[in-house]
Amino acid sequence: MKTRSFTVIISKEDDMYIAECPEVGTVDQGETIEQAVARLREATRLYLEEFPTCTQQRIP
């Protein structure tokens, strides 16, 4: 599996942390920063499996 790095922006709303990946457009939340990032990582992985970017597609 190829490892890729993305930006994660963390913000806090009330008692929840919001994690956002601006390059992909995925967002998730958690009660801790670690939980929010873990959930974002999973959401981003699933999104990229379903909708691969142009750099992941084969060019004939």
# chains A, B, ... in the order shown; residues from 1 in each chain; ligands from 1
call {"tool": "select_by_dssp", "arguments": {"residues": "chain A", "states": "strand (DSSP E or B)", "output": "ChimeraX atom specification"}}
result
/A:9-13,16-21,26-30
call {"tool": "residues_around", "arguments": {"residues": "stretch 44-53 of chain A", "least_positions_apart": "5", "cutoff": "10 Å", "atoms": "only C-alpha atoms", "output": "NGL selection string"}}
result
:A and (6 or 20-21 or 24-28 or 38-39)
call {"tool": "write_last_selection", "arguments": {"atoms": "N, CA and C atoms", "output": "mmCIF file, in the first residue's frame"}}
result
data_model
loop_
_atom_site.group_PDB
_atom_site.id
_atom_site.type_symbol
_atom_site.label_atom_id
_atom_site.label_comp_id
_atom_site.auth_asym_id
_atom_site.auth_seq_id
_atom_site.Cartn_x
_atom_site.Cartn_y
_atom_site.Cartn_z
ATOM 1 N N PHE A 6 -1.413 14.019 4.071
ATOM 2 C CA PHE A 6 -2.381 15.079 3.852
ATOM 3 C C PHE A 6 -2.379 16.026 5.047
ATOM 4 N N GLU A 20 -10.444 18.006 9.799
ATOM 5 C CA GLU A 20 -10.767 18.197 8.387
ATOM 6 C C GLU A 20 -9.527 17.992 7.535
ATOM 7 N N CYS A 21 -9.705 17.327 6.397
ATOM 8 C CA CYS A 21 -8.636 17.155 5.412
ATOM 9 C C CYS A 21 -9.011 17.996 4.188
ATOM 10 N N VAL A 24 -8.766 16.541 0.420
ATOM 11 C CA VAL A 24 -9.738 15.524 -0.008
ATOM 12 C C VAL A 24 -11.163 16.006 0.230
ATOM 13 N N GLY A 25 -11.368 16.816 1.265
ATOM 14 C CA GLY A 25 -12.696 17.311 1.590
ATOM 15 C C GLY A 25 -13.418 16.485 2.642
ATOM 16 N N THR A 26 -12.702 15.579 3.304
ATOM 17 C CA THR A 26 -13.327 14.761 4.340
ATOM 18 C C THR A 26 -13.263 15.472 5.684
ATOM 19 N N VAL A 27 -14.276 15.195 6.511
ATOM 20 C CA VAL A 27 -14.386 15.798 7.840
ATOM 21 C C VAL A 27 -14.921 14.735 8.785
ATOM 22 N N ASP A 28 -14.426 14.718 10.022
ATOM 23 C CA ASP A 28 -14.961 13.831 11.052
ATOM 24 C C ASP A 28 -14.748 14.477 12.402
ATOM 25 N N ALA A 38 -8.157 9.848 14.127
ATOM 26 C CA ALA A 38 -8.312 8.439 13.746
ATOM 27 C C ALA A 38 -9.547 8.255 12.870
ATOM 28 N N ARG A 39 -10.636 8.901 13.249
ATOM 29 C CA ARG A 39 -11.859 8.798 12.451
ATOM 30 C C ARG A 39 -11.688 9.465 11.091
#
call {"tool": "atom_distance", "arguments": {"atom1": "atom CA of A:Glu31", "atom2": "atom CA of A:Thr3"}}
result
26.6 Å
call {"tool": "atom_distance", "arguments": {"atom1": "atom CA of A:Arg4", "atom2": "atom CA of A:Gly30"}}
result
22.6 Å
call {"tool": "select_by_dssp", "arguments": {"residues": "chain A", "states": "helix (DSSP H, G or I)", "output": "PyMOL selection string"}}
result
chain A and resi 33-50+54-56
call {"tool": "write_last_selection", "arguments": {"atoms": "N, CA and C atoms", "output": "PDB file, in the first residue's frame"}}
result
ATOM      1  N   ILE A  33      -8.721  14.808  20.399  1.00  0.00           N
ATOM      2  CA  ILE A  33      -8.024  15.071  19.140  1.00  0.00           C
ATOM      3  C   ILE A  33      -7.630  13.752  18.484  1.00  0.00           C
ATOM      4  N   GLU A  34      -7.116  12.829  19.274  1.00  0.00           N
ATOM      5  CA  GLU A  34      -6.682  11.534  18.737  1.00  0.00           C
ATOM      6  C   GLU A  34      -7.843  10.782  18.086  1.00  0.00           C
ATOM      7  N   GLN A  35      -9.003  10.806  18.724  1.00  0.00           N
ATOM      8  CA  GLN A  35     -10.171  10.117  18.183  1.00  0.00           C
ATOM      9  C   GLN A  35     -10.638  10.793  16.889  1.00  0.00           C
ATOM     10  N   ALA A  36     -10.644  12.113  16.861  1.00  0.00           N
ATOM     11  CA  ALA A  36     -11.055  12.840  15.657  1.00  0.00           C
ATOM     12  C   ALA A  36     -10.120  12.542  14.491  1.00  0.00           C
ATOM     13  N   VAL A  37      -8.816  12.516  14.745  1.00  0.00           N
ATOM     14  CA  VAL A  37      -7.842  12.232  13.694  1.00  0.00           C
ATOM     15  C   VAL A  37      -7.963  10.782  13.211  1.00  0.00           C
ATOM     16  N   ALA A  38      -8.157   9.848  14.127  1.00  0.00           N
ATOM     17  CA  ALA A  38      -8.312   8.439  13.746  1.00  0.00           C
ATOM     18  C   ALA A  38      -9.547   8.255  12.870  1.00  0.00           C
ATOM     19  N   ARG A  39     -10.636   8.901  13.249  1.00  0.00           N
ATOM     20  CA  ARG A  39     -11.859   8.798  12.451  1.00  0.00           C
ATOM     21  C   ARG A  39     -11.688   9.465  11.091  1.00  0.00           C
ATOM     22  N   LEU A  40     -10.991  10.601  11.057  1.00  0.00           N
ATOM     23  CA  LEU A  40     -10.725  11.274   9.785  1.00  0.00           C
ATOM     24  C   LEU A  40      -9.858  10.402   8.889  1.00  0.00           C
ATOM     25  N   ARG A  41      -8.855   9.764   9.471  1.00  0.00           N
ATOM     26  CA  ARG A  41      -7.979   8.882   8.699  1.00  0.00           C
ATOM     27  C   ARG A  41      -8.804   7.770   8.026  1.00  0.00           C
ATOM     28  N   GLU A  42      -9.700   7.166   8.777  1.00  0.00           N
ATOM     29  CA  GLU A  42     -10.545   6.098   8.232  1.00  0.00           C
ATOM     30  C   GLU A  42     -11.503   6.635   7.169  1.00  0.00           C
ATOM     31  N   ALA A  43     -12.117   7.776   7.430  1.00  0.00           N
ATOM     32  CA  ALA A  43     -13.031   8.370   6.452  1.00  0.00           C
ATOM     33  C   ALA A  43     -12.303   8.717   5.152  1.00  0.00           C
ATOM     34  N   THR A  44     -11.100   9.249   5.275  1.00  0.00           N
ATOM     35  CA  THR A  44     -10.311   9.615   4.095  1.00  0.00           C
ATOM     36  C   THR A  44      -9.881   8.371   3.328  1.00  0.00           C
ATOM     37  N   ARG A  45      -9.463   7.338   4.039  1.00  0.00           N
ATOM     38  CA  ARG A  45      -9.086   6.080   3.386  1.00  0.00           C
ATOM     39  C   ARG A  45     -10.255   5.505   2.591  1.00  0.00           C
ATOM     40  N   LEU A  46     -11.419   5.462   3.204  1.00  0.00           N
ATOM     41  CA  LEU A  46     -12.600   4.920   2.526  1.00  0.00           C
ATOM     42  C   LEU A  46     -13.001   5.779   1.329  1.00  0.00           C
ATOM     43  N   TYR A  47     -12.910   7.090   1.476  1.00  0.00           N
ATOM     44  CA  TYR A  47     -13.245   7.984   0.371  1.00  0.00           C
ATOM     45  C   TYR A  47     -12.304   7.751  -0.817  1.00  0.00           C
ATOM     46  N   LEU A  48     -11.007   7.651  -0.534  1.00  0.00           N
ATOM     47  CA  LEU A  48     -10.036   7.471  -1.619  1.00  0.00           C
ATOM     48  C   LEU A  48     -10.150   6.097  -2.269  1.00  0.00           C
ATOM     49  N   GLU A  49     -10.605   5.096  -1.523  1.00  0.00           N
ATOM     50  CA  GLU A  49     -10.859   3.792  -2.138  1.00  0.00           C
ATOM     51  C   GLU A  49     -12.022   3.881  -3.119  1.00  0.00           C
ATOM     52  N   GLU A  50     -13.049   4.619  -2.756  1.00  0.00           N
ATOM     53  CA  GLU A  50     -14.249   4.745  -3.585  1.00  0.00           C
ATOM     54  C   GLU A  50     -14.055   5.710  -4.748  1.00  0.00           C
ATOM     55  N   CYS A  54      -6.793  11.325  -9.623  1.00  0.00           N
ATOM     56  CA  CYS A  54      -6.175  11.118 -10.938  1.00  0.00           C
ATOM     57  C   CYS A  54      -4.776  10.551 -10.831  1.00  0.00           C
ATOM     58  N   THR A  55      -4.046  10.891  -9.769  1.00  0.00           N
ATOM     59  CA  THR A  55      -2.675  10.396  -9.624  1.00  0.00           C
ATOM     60  C   THR A  55      -2.638   8.917  -9.280  1.00  0.00           C
ATOM     61  N   GLN A  56      -3.780   8.357  -8.821  1.00  0.00           N
ATOM     62  CA  GLN A  56      -3.811   6.949  -8.482  1.00  0.00           C
ATOM     63  C   GLN A  56      -4.295   6.097  -9.657  1.00  0.00           C
TER      64      GLN A  56
END
